[in-house]
>>> print(open('final.tsv').read())   # TSV, C-alpha atoms
chain	number	residue	atom	x	y	z
L	91	MET	CA	10.59	-35.19	-62.25
L	92	PHE	CA	9.21	-33.78	-59.07
L	93	ASP	CA	9.24	-30.21	-57.74
L	94	ARG	CA	11.15	-29.75	-54.52
L	95	VAL	CA	8.87	-29.08	-51.56
L	96	PRO	CA	10.02	-26.00	-49.61
L	97	ARG	CA	11.05	-26.75	-46.03
L	98	SER	CA	10.01	-24.50	-43.15
L	99	ARG	CA	12.38	-23.27	-40.46
L	100	VAL	CA	12.33	-20.73	-37.66
L	101	HIS	CA	14.85	-17.95	-38.02
L	102	ALA	CA	15.66	-15.44	-35.25
L	103	SER	CA	16.88	-12.08	-36.44
L	104	PRO	CA	17.31	-8.78	-34.52
L	105	ALA	CA	13.79	-7.35	-34.53
L	106	GLY	CA	10.62	-7.34	-32.47
L	107	SER	CA	7.62	-9.48	-33.50
L	108	LEU	CA	6.77	-12.47	-35.69
L	109	ARG	CA	5.37	-12.86	-39.19
L	110	GLY	CA	5.33	-15.64	-41.78
L	111	SER	CA	6.76	-14.95	-45.23
L	112	THR	CA	5.08	-16.10	-48.43
L	113	ALA	CA	6.25	-19.54	-49.68
L	114	ARG	CA	8.54	-19.33	-52.67
L	115	THR	CA	8.62	-21.61	-55.73
L	116	ASP	CA	12.41	-21.87	-55.76
L	117	THR	CA	14.59	-23.90	-53.40
L	118	THR	CA	14.80	-21.18	-50.73
L	119	PRO	CA	13.13	-22.42	-47.49
L	120	THR	CA	10.11	-20.58	-46.13
L	121	GLU	CA	11.08	-18.49	-43.10
L	122	ILE	CA	9.38	-17.17	-39.98
L	123	SER	CA	11.37	-14.08	-39.21
L	124	VAL	CA	11.37	-11.25	-36.69
L	125	VAL	CA	10.15	-7.90	-37.91
L	126	PRO	CA	9.97	-4.45	-36.31
L	127	ASP	CA	7.06	-3.69	-33.98
L	128	GLY	CA	5.78	-1.09	-36.39
L	129	SER	CA	4.24	-3.66	-38.74
L	130	ALA	CA	0.55	-4.57	-38.68
L	131	ASP	CA	1.40	-8.16	-37.74
L	132	ALA	CA	2.98	-6.98	-34.47
L	133	SER	CA	-0.26	-5.69	-32.89
L	134	PRO	CA	-0.95	-8.75	-30.67
L	135	LEU	CA	2.53	-8.53	-29.17
L	136	ARG	CA	2.22	-4.79	-28.71
L	137	GLY	CA	-1.02	-5.36	-26.82
L	138	TRP	CA	0.62	-7.96	-24.59
L	139	SER	CA	3.53	-5.60	-23.92
L	140	ALA	CA	1.12	-2.83	-22.94
L	141	LEU	CA	-0.76	-5.20	-20.64
L	142	ARG	CA	2.46	-6.25	-18.94
L	143	SER	CA	3.42	-2.60	-18.42
L	144	LEU	CA	0.01	-1.86	-16.93
L	145	LEU	CA	0.20	-4.84	-14.57
L	146	ALA	CA	3.70	-3.86	-13.49
L	147	SER	CA	2.49	-0.34	-12.75
L	148	VAL	CA	-0.49	-1.56	-10.72
L	149	LEU	CA	1.34	-4.32	-8.84
L	150	THR	CA	4.54	-2.41	-8.05
L	151	VAL	CA	4.96	-1.83	-4.31
L	152	ARG	CA	5.38	1.88	-3.66
L	153	CYS	CA	6.29	4.00	-0.67
L	154	ALA	CA	3.28	5.31	1.23
L	155	GLY	CA	4.97	8.68	1.67
L	156	CYS	CA	6.51	9.53	-1.70
L	157	ALA	CA	5.34	6.72	-4.05
L	158	ALA	CA	8.90	5.63	-4.82
L	159	PRO	CA	8.87	2.01	-6.10
L	160	GLY	CA	10.41	-0.89	-4.23
L	161	ALA	CA	9.06	-0.95	-0.67
L	162	PRO	CA	6.03	0.11	1.44
L	163	ILE	CA	8.29	2.76	3.04
L	164	CYS	CA	11.44	4.05	1.36
L	165	PRO	CA	14.58	4.67	3.49
L	166	THR	CA	14.09	8.45	3.45
L	167	CYS	CA	10.48	8.28	4.67
L	168	ARG	CA	11.40	5.57	7.16
L	169	PHE	CA	14.00	7.88	8.65
L	170	ALA	CA	11.46	10.74	8.77
L	171	LEU	CA	9.17	8.59	10.92
L	172	LEU	CA	11.92	8.47	13.55
L	173	GLY	CA	11.78	12.23	14.09
L	174	ARG	CA	11.15	13.55	17.57
L	175	PRO	CA	7.38	13.59	18.19
L	176	PRO	CA	5.77	16.33	20.26
L	177	ARG	CA	5.33	15.80	24.00
L	178	ARG	CA	1.92	16.24	25.58
L	179	PRO	CA	0.94	15.72	29.22
L	180	GLY	CA	-0.67	12.31	29.69
L	181	VAL	CA	-0.27	11.36	26.01
L	182	LEU	CA	2.45	9.40	24.21
L	183	VAL	CA	2.94	10.46	20.59
L	184	ALA	CA	4.76	7.92	18.41
L	185	VAL	CA	5.21	9.81	15.12
L	186	PRO	CA	5.50	13.53	14.32
L	187	PHE	CA	2.71	14.69	12.01
L	188	THR	CA	4.96	16.80	9.79
L	189	GLY	CA	6.83	16.53	6.49
L	190	ARG	CA	7.38	13.08	5.04
L	191	ALA	CA	6.08	11.41	8.18
L	192	ARG	CA	2.76	13.16	7.62
L	193	SER	CA	2.75	12.00	3.99
L	194	VAL	CA	3.23	8.38	5.10
L	195	LEU	CA	0.33	8.60	7.55
L	196	LEU	CA	-1.96	10.21	4.97
L	197	GLY	CA	-0.96	7.65	2.35
L	198	PHE	CA	-1.78	4.86	4.78
L	199	LYS	CA	-5.11	6.40	5.74
L	200	PHE	CA	-6.44	7.72	2.44
L	201	HIS	CA	-4.60	5.77	-0.29
L	202	ASN	CA	-4.90	2.18	0.91
L	203	ARG	CA	-1.22	1.76	1.85
L	204	ARG	CA	-2.06	-0.95	4.38
L	205	ALA	CA	1.35	-2.56	4.13
L	206	VAL	CA	2.78	0.11	6.47
L	207	ALA	CA	0.45	-0.76	9.38
L	208	GLY	CA	2.91	-3.19	10.95
L	209	HIS	CA	5.75	-0.68	10.73
L	210	LEU	CA	3.62	2.06	12.32
L	211	ALA	CA	2.65	-0.34	15.11
L	212	GLY	CA	6.35	-0.98	15.67
L	213	LEU	CA	6.89	2.75	16.17
L	214	VAL	CA	4.13	2.79	18.80
L	215	ARG	CA	5.75	-0.18	20.55
L	216	ARG	CA	9.11	1.62	20.44
L	217	ARG	CA	7.59	4.75	22.01
L	218	LEU	CA	5.97	2.71	24.78
L	219	ALA	CA	9.31	1.08	25.57
L	220	GLN	CA	11.01	4.48	25.68
L	221	ALA	CA	8.41	5.64	28.20
L	222	GLY	CA	8.94	2.54	30.35
L	223	VAL	CA	5.45	1.14	29.72
L	224	ARG	CA	5.49	-2.65	30.31
L	225	PRO	CA	3.11	-4.99	28.44
L	226	GLY	CA	1.15	-7.23	30.79
L	227	ILE	CA	1.92	-4.98	33.76
L	228	ASP	CA	1.03	-1.44	32.71
L	229	ILE	CA	-1.07	-2.56	29.72
L	230	ASP	CA	-3.63	-5.37	29.79
L	231	VAL	CA	-5.32	-5.00	26.42
L	232	VAL	CA	-5.01	-3.02	23.19
L	233	THR	CA	-8.02	-1.22	21.72
L	234	TRP	CA	-8.62	1.58	19.23
L	235	ALA	CA	-10.87	4.56	18.58
L	236	PRO	CA	-12.95	3.27	15.64
L	237	THR	CA	-13.58	5.29	12.52
L	238	GLY	CA	-17.14	5.96	11.38
L	239	ASP	CA	-19.04	3.28	9.47
L	240	ALA	CA	-19.27	5.42	6.32
L	241	ARG	CA	-15.53	6.04	6.28
L	242	ARG	CA	-14.80	2.38	6.90
L	243	ARG	CA	-16.98	1.35	3.96
L	244	GLN	CA	-15.39	4.00	1.75
L	245	ARG	CA	-11.80	2.95	2.56
L	246	GLY	CA	-12.44	-0.74	3.01
L	247	PHE	CA	-10.65	-0.83	6.36
L	248	ASP	CA	-10.24	0.96	9.70
L	249	GLN	CA	-6.68	2.29	9.90
L	250	ALA	CA	-6.73	2.52	13.71
L	251	GLU	CA	-7.87	-1.10	14.01
L	252	LEU	CA	-5.10	-2.32	11.71
L	253	ILE	CA	-2.42	-0.63	13.82
L	254	ALA	CA	-4.02	-1.86	17.05
L	255	ARG	CA	-4.08	-5.48	15.91
L	256	HIS	CA	-0.47	-5.36	14.73
L	257	LEU	CA	0.56	-3.71	18.00
L	258	ALA	CA	-1.26	-6.32	20.10
L	259	ARG	CA	0.60	-9.11	18.29
L	260	GLN	CA	3.93	-7.37	18.78
L	261	LEU	CA	3.26	-6.86	22.50
L	262	GLY	CA	1.76	-10.31	23.04
L	263	LEU	CA	-1.50	-8.83	24.32
L	264	PRO	CA	-5.16	-9.35	23.40
L	265	CYS	CA	-6.84	-6.85	21.09
L	266	ARG	CA	-10.48	-6.02	21.82
L	267	ARG	CA	-12.99	-3.58	20.40
L	268	LEU	CA	-14.01	-1.78	23.57
L	269	LEU	CA	-15.09	1.57	22.15
L	270	THR	CA	-17.99	2.60	19.94
L	271	ARG	CA	-18.10	5.86	18.05
L	272	GLU	CA	-20.99	8.04	19.11
L	273	GLU	CA	-23.68	8.62	16.51
L	274	HIS	CA	-23.18	12.39	16.31
L	275	SER	CA	-19.38	12.56	16.44
L	276	GLY	CA	-18.62	13.81	12.93
L	277	PRO	CA	-15.36	13.57	10.97
L	278	GLN	CA	-12.65	16.20	11.45
L	279	THR	CA	-11.30	15.94	7.91
L	280	GLY	CA	-11.12	19.39	6.35
L	281	LEU	CA	-11.28	21.29	9.64
L	282	SER	CA	-8.59	23.85	10.40
L	283	ARG	CA	-6.45	23.58	13.52
L	284	SER	CA	-8.53	26.20	15.34
L	285	GLU	CA	-11.77	24.44	14.32
L	286	ARG	CA	-10.44	21.14	15.62
L	287	LEU	CA	-9.52	22.74	18.93
L	288	GLN	CA	-13.00	24.25	19.29
L	289	ALA	CA	-14.86	21.15	18.15
L	290	PRO	CA	-15.83	18.49	20.71
L	291	GLY	CA	-13.26	15.77	21.20
L	292	PHE	CA	-13.65	12.22	19.96
L	293	ARG	CA	-16.64	10.81	21.80
L	294	ALA	CA	-16.86	7.15	22.60
L	295	ARG	CA	-18.45	4.85	25.14
L	296	LEU	CA	-17.63	1.42	26.45
L	297	ASP	CA	-19.45	-1.41	24.71
L	298	ARG	CA	-19.44	-3.28	28.00
L	299	PRO	CA	-20.30	-0.94	30.89
L	300	GLY	CA	-18.50	-1.72	34.10
L	301	ARG	CA	-15.73	-3.75	32.41
>>> encode(input="final.tsv", output="structure tokens")
Amino acid sequence: MFDRVPRSRVHASPAGSLRGSTARTDTTPTEISVVPDGSADASPLRGWSALRSLLASVLTVRCAGCAAPGAPICPTCRFALLGRPPRRPGVLVAVPFTGRARSVLLGFKFHNRRAVAGHLAGLVRRRLAQAGVRPGIDIDVVTWAPTGDARRRQRGFDQAELIARHLARQLGLPCRRLLTREEHSGPQTGLSRSERLQAPGFRARLDRPGR
């Protein structure tokens, strides 16, 4: 007479992680069943769940202005960027530097929200069109006022260059680095409005004199 050999089967029951039960000497098959996550055997799955949550948090696209998940700019902040910018003689301002619009610009500049560069360039293009500025007739080339080398290394990019290159593509114009920041032109971050007004303006020179 021979003992019956227990068969193994996989059984799904409402629970959270896997464990193997001890083989029995009777005719009941050995089971692999689902047990609550609180057991010691669930630790590998708990670790994987935590890793997935961390990756989702890191990789989730968030609004540059308010950090809402889902898009580089949420509808509310996108609308704020369409606010009426201030008018200055001889200068075209594309975006008001107030409220949520200000938060978007600061998020782009200081928190590596590079995905908004193309949208910001589109706002500049829109403002040029409103002013009647014609690409190829009134504008020959797009350039930018470069940030300092230390700031560029710290951020990993030049925010003005990113917007300029997106704008040039949208206008169908070349983009050239024609300006160089002067050695002694310091950053204005942290200065009050009155200090900015009293400080010397952004100083730059042409890389190619006479051109």
>>> closest_atom_pairs(input="final.tsv", of="segment 163-218 of chain L", to="segment 252-257 of chain L", cutoff="6 Å", atoms="only C-alpha atoms", output="JSON lines")
{"residue": "L:Ala207", "atom": "CA", "partner": "L:Ile253", "partner_atom": "CA", "distance": 5.3}
{"residue": "L:Gly208", "atom": "CA", "partner": "L:His256", "partner_atom": "CA", "distance": 5.5}
{"residue": "L:Ala211", "atom": "CA", "partner": "L:Leu257", "partner_atom": "CA", "distance": 4.9}
>>> residues_around(input="final.tsv", residues="segment 182-196 of chain L", least_positions_apart="4", cutoff="12 Å", atoms="all atoms listed in the file", output="ChimeraX atom specification")
/L:152-158,162-178,200-207,209-223,249-250,253,279
>>> write_last_selection(input="final.tsv", atoms="C-alpha atoms", output="PDB file, keeping the file's coordinate frame")
ATOM      1  CA  ARG L 152       5.380   1.880  -3.660  1.00  0.00           C
ATOM      2  CA  CYS L 153       6.290   4.000  -0.670  1.00  0.00           C
ATOM      3  CA  ALA L 154       3.280   5.310   1.230  1.00  0.00           C
ATOM      4  CA  GLY L 155       4.970   8.680   1.670  1.00  0.00           C
ATOM      5  CA  CYS L 156       6.510   9.530  -1.700  1.00  0.00           C
ATOM      6  CA  ALA L 157       5.340   6.720  -4.050  1.00  0.00           C
ATOM      7  CA  ALA L 158       8.900   5.630  -4.820  1.00  0.00           C
ATOM      8  CA  PRO L 162       6.030   0.110   1.440  1.00  0.00           C
ATOM      9  CA  ILE L 163       8.290   2.760   3.040  1.00  0.00           C
ATOM     10  CA  CYS L 164      11.440   4.050   1.360  1.00  0.00           C
ATOM     11  CA  PRO L 165      14.580   4.670   3.490  1.00  0.00           C
ATOM     12  CA  THR L 166      14.090   8.450   3.450  1.00  0.00           C
ATOM     13  CA  CYS L 167      10.480   8.280   4.670  1.00  0.00           C
ATOM     14  CA  ARG L 168      11.400   5.570   7.160  1.00  0.00           C
ATOM     15  CA  PHE L 169      14.000   7.880   8.650  1.00  0.00           C
ATOM     16  CA  ALA L 170      11.460  10.740   8.770  1.00  0.00           C
ATOM     17  CA  LEU L 171       9.170   8.590  10.920  1.00  0.00           C
ATOM     18  CA  LEU L 172      11.920   8.470  13.550  1.00  0.00           C
ATOM     19  CA  GLY L 173      11.780  12.230  14.090  1.00  0.00           C
ATOM     20  CA  ARG L 174      11.150  13.550  17.570  1.00  0.00           C
ATOM     21  CA  PRO L 175       7.380  13.590  18.190  1.00  0.00           C
ATOM     22  CA  PRO L 176       5.770  16.330  20.260  1.00  0.00           C
ATOM     23  CA  ARG L 177       5.330  15.800  24.000  1.00  0.00           C
ATOM     24  CA  ARG L 178       1.920  16.240  25.580  1.00  0.00           C
ATOM     25  CA  PHE L 200      -6.440   7.720   2.440  1.00  0.00           C
ATOM     26  CA  HIS L 201      -4.600   5.770  -0.290  1.00  0.00           C
ATOM     27  CA  ASN L 202      -4.900   2.180   0.910  1.00  0.00           C
ATOM     28  CA  ARG L 203      -1.220   1.760   1.850  1.00  0.00           C
ATOM     29  CA  ARG L 204      -2.060  -0.950   4.380  1.00  0.00           C
ATOM     30  CA  ALA L 205       1.350  -2.560   4.130  1.00  0.00           C
ATOM     31  CA  VAL L 206       2.780   0.110   6.470  1.00  0.00           C
ATOM     32  CA  ALA L 207       0.450  -0.760   9.380  1.00  0.00           C
ATOM     33  CA  HIS L 209       5.750  -0.680  10.730  1.00  0.00           C
ATOM     34  CA  LEU L 210       3.620   2.060  12.320  1.00  0.00           C
ATOM     35  CA  ALA L 211       2.650  -0.340  15.110  1.00  0.00           C
ATOM     36  CA  GLY L 212       6.350  -0.980  15.670  1.00  0.00           C
ATOM     37  CA  LEU L 213       6.890   2.750  16.170  1.00  0.00           C
ATOM     38  CA  VAL L 214       4.130   2.790  18.800  1.00  0.00           C
ATOM     39  CA  ARG L 215       5.750  -0.180  20.550  1.00  0.00           C
ATOM     40  CA  ARG L 216       9.110   1.620  20.440  1.00  0.00           C
ATOM     41  CA  ARG L 217       7.590   4.750  22.010  1.00  0.00           C
ATOM     42  CA  LEU L 218       5.970   2.710  24.780  1.00  0.00           C
ATOM     43  CA  ALA L 219       9.310   1.080  25.570  1.00  0.00           C
ATOM     44  CA  GLN L 220      11.010   4.480  25.680  1.00  0.00           C
ATOM     45  CA  ALA L 221       8.410   5.640  28.200  1.00  0.00           C
ATOM     46  CA  GLY L 222       8.940   2.540  30.350  1.00  0.00           C
ATOM     47  CA  VAL L 223       5.450   1.140  29.720  1.00  0.00           C
ATOM     48  CA  GLN L 249      -6.680   2.290   9.900  1.00  0.00           C
ATOM     49  CA  ALA L 250      -6.730   2.520  13.710  1.00  0.00           C
ATOM     50  CA  ILE L 253      -2.420  -0.630  13.820  1.00  0.00           C
ATOM     51  CA  THR L 279     -11.300  15.940   7.910  1.00  0.00           C
TER      52      THR L 279
END
>>> closest_residue(input="final.tsv", among="L:Arg259, L:Lys199, L:Arg283, L:Arg271", to="Ala235 of chain L", atoms="all atoms listed in the file")
L:Arg271
>>> atom_distance(input="final.tsv", atom1="atom CA of Arg242 of chain L", atom2="atom CA of Val181 of chain L")
25.6 Å
>>> atom_distance(input="final.tsv", atom1="atom CA of Ala240 of chain L", atom2="atom CA of Ser282 of chain L")
21.7 Å
>>> atom_distance(input="final.tsv", atom1="atom CA of Thr233 of chain L", atom2="atom CA of Arg267 of chain L")
5.7 Å
